[in-house]
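Enquirer: This is the structure I want to talk about, given as structure tokens.
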Amino acid sequence: MKDVPSPLSDTALVPARVVRAELGGISDMTLWRWLHRPDLEFPEPVLISRRRYWRRQDLETWKRSRFAPRARQKQQGEP
């Protein structure tokens with residue numbers, strides 16, 4: 001099955017394999033660890049027939065919250 005990028009809509013569901021690829025090709029074990037680390041605040045999946053899916057909006061919100069502060073620091077000339 002060919003991996004097709006998910007549409008950027010609020011209701012789009014993204015399967016675990018696509019989530020892992022979008023986050024730099026992380027392993028399933030890394031994804032599991034992130035889900036079990038409360039300090040990371042990684043979004044909870046939706047389970048459908050024992051398969052994990054994430055809401056596109058939740059993933060995008062999490063990425064902005066995790067990566068935005070560093071981008072702002074670099075723009076302001078901070079280390």
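Residue numbering restarts at 1 in every chain; chains get A, B, ... in the order shown in the structure tokens, and ligands count up from 1 in that same order.
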Give me the residues near Trp34 of chain A as a list in words, where near means some atom within 12 Å (using only C-alpha atoms) and where sequence neighbours in that chain fewer than 6 positions away do not count.
Expert: Arg20, Leu23, Ile26, Ser27, Asp28, Leu40, Glu41, Phe42, Pro43, Glu44 and Pro45 of chain A
Enquirer: So which one's closest to Asp39 of chain A, A:Gln57, A:Ala21, A:Arg66, A:Val14? Using only C-alpha atoms, please.
Expert: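 Going through A:Gln57, A:Ala21, A:Arg66, A:Val14 one by one, the smallest distance to Asp39 of chain A is for A:Arg66.
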Enquirer: Would you mind reading off the distance between atom CA of Arg51 of chain A and atom CA of Ala16 of chain A, one decimal, in Å?
Expert: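 Computing the Euclidean distance for atom CA of Arg51 of chain A and atom CA of Ala16 of chain A yields 8.1 Å.
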Enquirer: Rounded to one decimal place, report the atom CA of Val18 of chain A-atom CA of Glu60 of chain A distance in Å.
Expert: 13.3 Å
Enquirer: Just the number, please: distance in Å from atom CA of Ser65 of chain A to atom CA of Arg50 of chain A, one decimal.
Expert: 28.1 Å
Enquirer: Running DSSP on the backbone, which parts of segment 6-48 of chain A land in strand (DSSP E or B), as a list in words?
Expert: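 Assigned to strand (DSSP E or B), within segment 6-48 of chain A: Leu13, Val14, Pro15, Val46, Leu47 and Ile48 of chain A.
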